[in-house]
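Comments concern the structure below.
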Amino acid sequence: MRIVFFGTPDFAAQVLDALFDASVNVVAVVTQPDRPKGRSLQMGLSAVKQLVKDRGVDIPIFQPEKASDPAFLSQLRGVRADLFVVVAYGQILSQTLLDIPPLGCINVHASLLPKFRGAAPIQRCLLAGERETGIAIQKMVRQMDAGDIIATAKMEITQGMTFGALEQALCDLAGPLLLLVLRSYENGIPPGEPQNHTLATFAPKITVEEGAIDWRRSAREILSLICAFSPRPGAWCMALSGGERRRVKILLAELSSSRGEPGVFLHRNGEVGCGQGSLKIITLQPEGKKAMSAVDWLRGFKDLPQLLS
């Protein structure tokens with residue numbers, strides 16, 4: 001069975017790596033174009049493209065600006081693939097493209113569909129305070145993340161689990177589950193279970209502005225925000241000290257039993273009051289500096305700073 005793999009970020013690269021390890025017949029890769037990265041704006045490769053190059057796999061790498069481009073669609077047809085596998089590719093695929101492979105297209109989605117359809121299912125799941133999530137492999141249709149479900153794998157979300165940790169755990173689930181599904185395709189197109197569309201929720205792309213911390217909210221709500229935005233793009237607030245405001249990202253925290261005014265540090269161990277309850281900040285990143293412990297950061301202040309909402 002000849003497979004074309006669509007994917008872009010590290011999550012997709014790790015799934016592709018599992019396919020390479022299992023000697024799956026991936027005959028081409030489609031990923032986003034090279035983009036300027038970092039302060040230097042040097043052109044950077046997607047994680048998927050970097051993986052193909054690092055492993056020395058001799059297959060075509062397609063990077064269309066638009067996956068609907070007729071010239072690209074012609075190239076895809078020339079590959080003569082049986083199945084397309086899509087993992088966090090980053091573009092909406094046209095029906096014309098979905099109709100190319102005879103066995104169709106499947107998508108690996110990082111939520112238990114129909115919950116959290118869209119671009120940011122892991123972060124939205126954490127923001128919502130969910131206690132369970134998983135991987136769903138679906139048959140792709142034109143409507144976003146609305147296809148029949150072929151297979152799922154579930155996992156528990158533990159308190160304080162960050163986006164980075166949950167993303168890795170889901171990635172570890174995705175590879176083996178996808179391999180099972182691909183084996184089932186060797187005997188023909190497997191059946192899928194239709195989604196209950198009335199239960200659908202949506203997970204639009206995360207914005208930096210959403211990461212602003214309002215210390216008047218409950219400690220649990222703020223902790224969910226911090227976890228969902230860690231390590232990227234980072235939940236943030238302004239710290240006021242000596243008349244100066246400094247932007248600070250809060251990367252790791254835990255619930256505390258202390259009581260105090262919202263945004264006020266209660267101790268030099270990083271405990272800070274919230275609208276309801278309090279949090280102990282463990283790791284933060286001042287603007288322009290590397291991540292550090294809250295204790296080390298606070299050591300640099302004679303008077304404890306105020307965290308502003």
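Each chain in the structure tokens gets a letter, A, B, ..., in the order shown, and its residues are numbered from 1; ligands are numbered from 1 in order too.
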*Return as a PyMOL selection string the full set of residues in stretch 68-195 of chain A whose backbone-based DSSP assignment is helix (DSSP H, G or I).*
chain A and resi 70-79+95-98+121-127+163-185
Requested write-out: N, CA and C atoms of the selected residues, as a compact mmCIF listing (two decimals), in the first residue's frame:
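Output saved as result-v9.txt:
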```txt
# COMPACT_ATOMS: atom_id res chain seq x y z
N PRO A 70 -3.78 23.55 -8.81
CA PRO A 70 -3.91 22.49 -9.83
C PRO A 70 -2.60 21.79 -10.16
N ALA A 71 -1.50 22.55 -10.20
CA ALA A 71 -0.21 21.92 -10.52
C ALA A 71 0.19 20.93 -9.44
N PHE A 72 -0.05 21.28 -8.18
CA PHE A 72 0.25 20.37 -7.08
C PHE A 72 -0.64 19.14 -7.13
N LEU A 73 -1.91 19.32 -7.41
CA LEU A 73 -2.83 18.18 -7.50
C LEU A 73 -2.39 17.22 -8.61
N SER A 74 -1.88 17.77 -9.68
CA SER A 74 -1.37 16.92 -10.77
C SER A 74 -0.16 16.12 -10.30
N GLN A 75 0.73 16.75 -9.52
CA GLN A 75 1.88 16.04 -8.96
C GLN A 75 1.42 14.91 -8.05
N LEU A 76 0.42 15.18 -7.22
CA LEU A 76 -0.09 14.16 -6.30
C LEU A 76 -0.64 12.96 -7.06
N ARG A 77 -1.39 13.22 -8.11
CA ARG A 77 -1.93 12.12 -8.90
C ARG A 77 -0.81 11.27 -9.48
N GLY A 78 0.30 11.93 -9.85
CA GLY A 78 1.42 11.21 -10.44
C GLY A 78 2.12 10.27 -9.47
N VAL A 79 1.94 10.49 -8.17
CA VAL A 79 2.54 9.62 -7.16
C VAL A 79 1.84 8.26 -7.11
N GLN A 95 -12.14 18.95 -1.72
CA GLN A 95 -12.75 17.67 -2.07
C GLN A 95 -12.02 17.02 -3.24
N THR A 96 -11.53 17.86 -4.16
CA THR A 96 -10.77 17.34 -5.30
C THR A 96 -9.56 16.55 -4.82
N LEU A 97 -8.85 17.08 -3.82
CA LEU A 97 -7.69 16.39 -3.28
C LEU A 97 -8.10 15.13 -2.53
N LEU A 98 -9.16 15.23 -1.73
CA LEU A 98 -9.61 14.07 -0.95
C LEU A 98 -10.04 12.91 -1.85
N PRO A 121 -6.94 21.37 19.44
CA PRO A 121 -7.72 20.51 20.33
C PRO A 121 -7.06 20.26 21.68
N ILE A 122 -5.74 20.16 21.72
CA ILE A 122 -5.05 19.85 22.99
C ILE A 122 -5.16 21.03 23.94
N GLN A 123 -4.87 22.22 23.47
CA GLN A 123 -4.93 23.39 24.34
C GLN A 123 -6.35 23.72 24.76
N ARG A 124 -7.31 23.59 23.84
CA ARG A 124 -8.70 23.89 24.19
C ARG A 124 -9.23 22.88 25.21
N CYS A 125 -8.79 21.66 25.09
CA CYS A 125 -9.18 20.63 26.05
C CYS A 125 -8.71 20.99 27.46
N LEU A 126 -7.47 21.45 27.57
CA LEU A 126 -6.93 21.85 28.87
C LEU A 126 -7.64 23.10 29.40
N LEU A 127 -7.91 24.06 28.53
CA LEU A 127 -8.62 25.26 28.94
C LEU A 127 -10.01 24.94 29.50
N PHE A 163 0.35 21.59 28.39
CA PHE A 163 0.18 21.34 26.96
C PHE A 163 1.32 20.49 26.41
N GLY A 164 2.55 20.84 26.78
CA GLY A 164 3.70 20.10 26.27
C GLY A 164 3.67 18.64 26.68
N ALA A 165 3.34 18.37 27.94
CA ALA A 165 3.29 16.99 28.44
C ALA A 165 2.14 16.22 27.81
N LEU A 166 0.99 16.86 27.68
CA LEU A 166 -0.17 16.19 27.10
C LEU A 166 0.04 15.92 25.62
N GLU A 167 0.64 16.87 24.92
CA GLU A 167 0.92 16.69 23.50
C GLU A 167 1.82 15.47 23.28
N GLN A 168 2.85 15.33 24.13
CA GLN A 168 3.75 14.19 23.98
C GLN A 168 3.04 12.88 24.29
N ALA A 169 2.21 12.88 25.33
CA ALA A 169 1.48 11.66 25.68
C ALA A 169 0.53 11.25 24.55
N LEU A 170 -0.12 12.22 23.94
CA LEU A 170 -1.03 11.92 22.83
C LEU A 170 -0.25 11.44 21.60
N CYS A 171 0.90 12.01 21.40
CA CYS A 171 1.76 11.57 20.29
C CYS A 171 2.16 10.11 20.47
N ASP A 172 2.46 9.74 21.71
CA ASP A 172 2.82 8.35 22.01
C ASP A 172 1.66 7.39 21.75
N LEU A 173 0.42 7.90 21.90
CA LEU A 173 -0.76 7.08 21.58
C LEU A 173 -0.99 6.99 20.07
N ALA A 174 -0.69 8.09 19.38
CA ALA A 174 -1.09 8.21 17.98
C ALA A 174 -0.36 7.22 17.06
N GLY A 175 0.95 7.07 17.25
CA GLY A 175 1.71 6.21 16.36
C GLY A 175 1.22 4.77 16.34
N PRO A 176 1.14 4.10 17.50
CA PRO A 176 0.66 2.71 17.51
C PRO A 176 -0.77 2.56 16.99
N LEU A 177 -1.64 3.53 17.33
CA LEU A 177 -3.03 3.44 16.86
C LEU A 177 -3.08 3.56 15.34
N LEU A 178 -2.30 4.46 14.78
CA LEU A 178 -2.28 4.63 13.33
C LEU A 178 -1.76 3.36 12.64
N LEU A 179 -0.75 2.73 13.21
CA LEU A 179 -0.23 1.49 12.62
C LEU A 179 -1.29 0.40 12.59
N LEU A 180 -2.10 0.30 13.65
CA LEU A 180 -3.19 -0.67 13.67
C LEU A 180 -4.20 -0.39 12.56
N VAL A 181 -4.53 0.89 12.39
CA VAL A 181 -5.48 1.27 11.35
C VAL A 181 -4.93 0.96 9.95
N LEU A 182 -3.65 1.25 9.74
CA LEU A 182 -3.05 0.99 8.44
C LEU A 182 -3.04 -0.51 8.12
N ARG A 183 -2.83 -1.33 9.14
CA ARG A 183 -2.89 -2.78 8.90
C ARG A 183 -4.29 -3.21 8.47
N SER A 184 -5.30 -2.56 9.05
CA SER A 184 -6.68 -2.92 8.66
C SER A 184 -6.96 -2.54 7.21
N TYR A 185 -6.30 -1.51 6.70
CA TYR A 185 -6.50 -1.10 5.31
C TYR A 185 -5.92 -2.11 4.32
```
*Every residue of stretch 2-130 of chain A that DSSP places in strand (DSSP E or B), as a VMD selection string*: chain A and resid 3 to 7 26 to 30 35 to 37 42 to 44 61 to 62 83 to 87 105 to 109 117
_Give me, as a PyMOL selection string, all polymer residues having an atom no more than 8 Å from A:Gln276, counting only C-alpha atoms and skipping those fewer than 3 positions away in the same chain._
chain A and resi 216-219+273
*From the list A:Ala18, A:Leu83, A:Ala28, A:Met43, which residue is nearest A:Val57 when using only C-alpha atoms?*
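Result for the nearest residue to A:Val57: A:Ala28.
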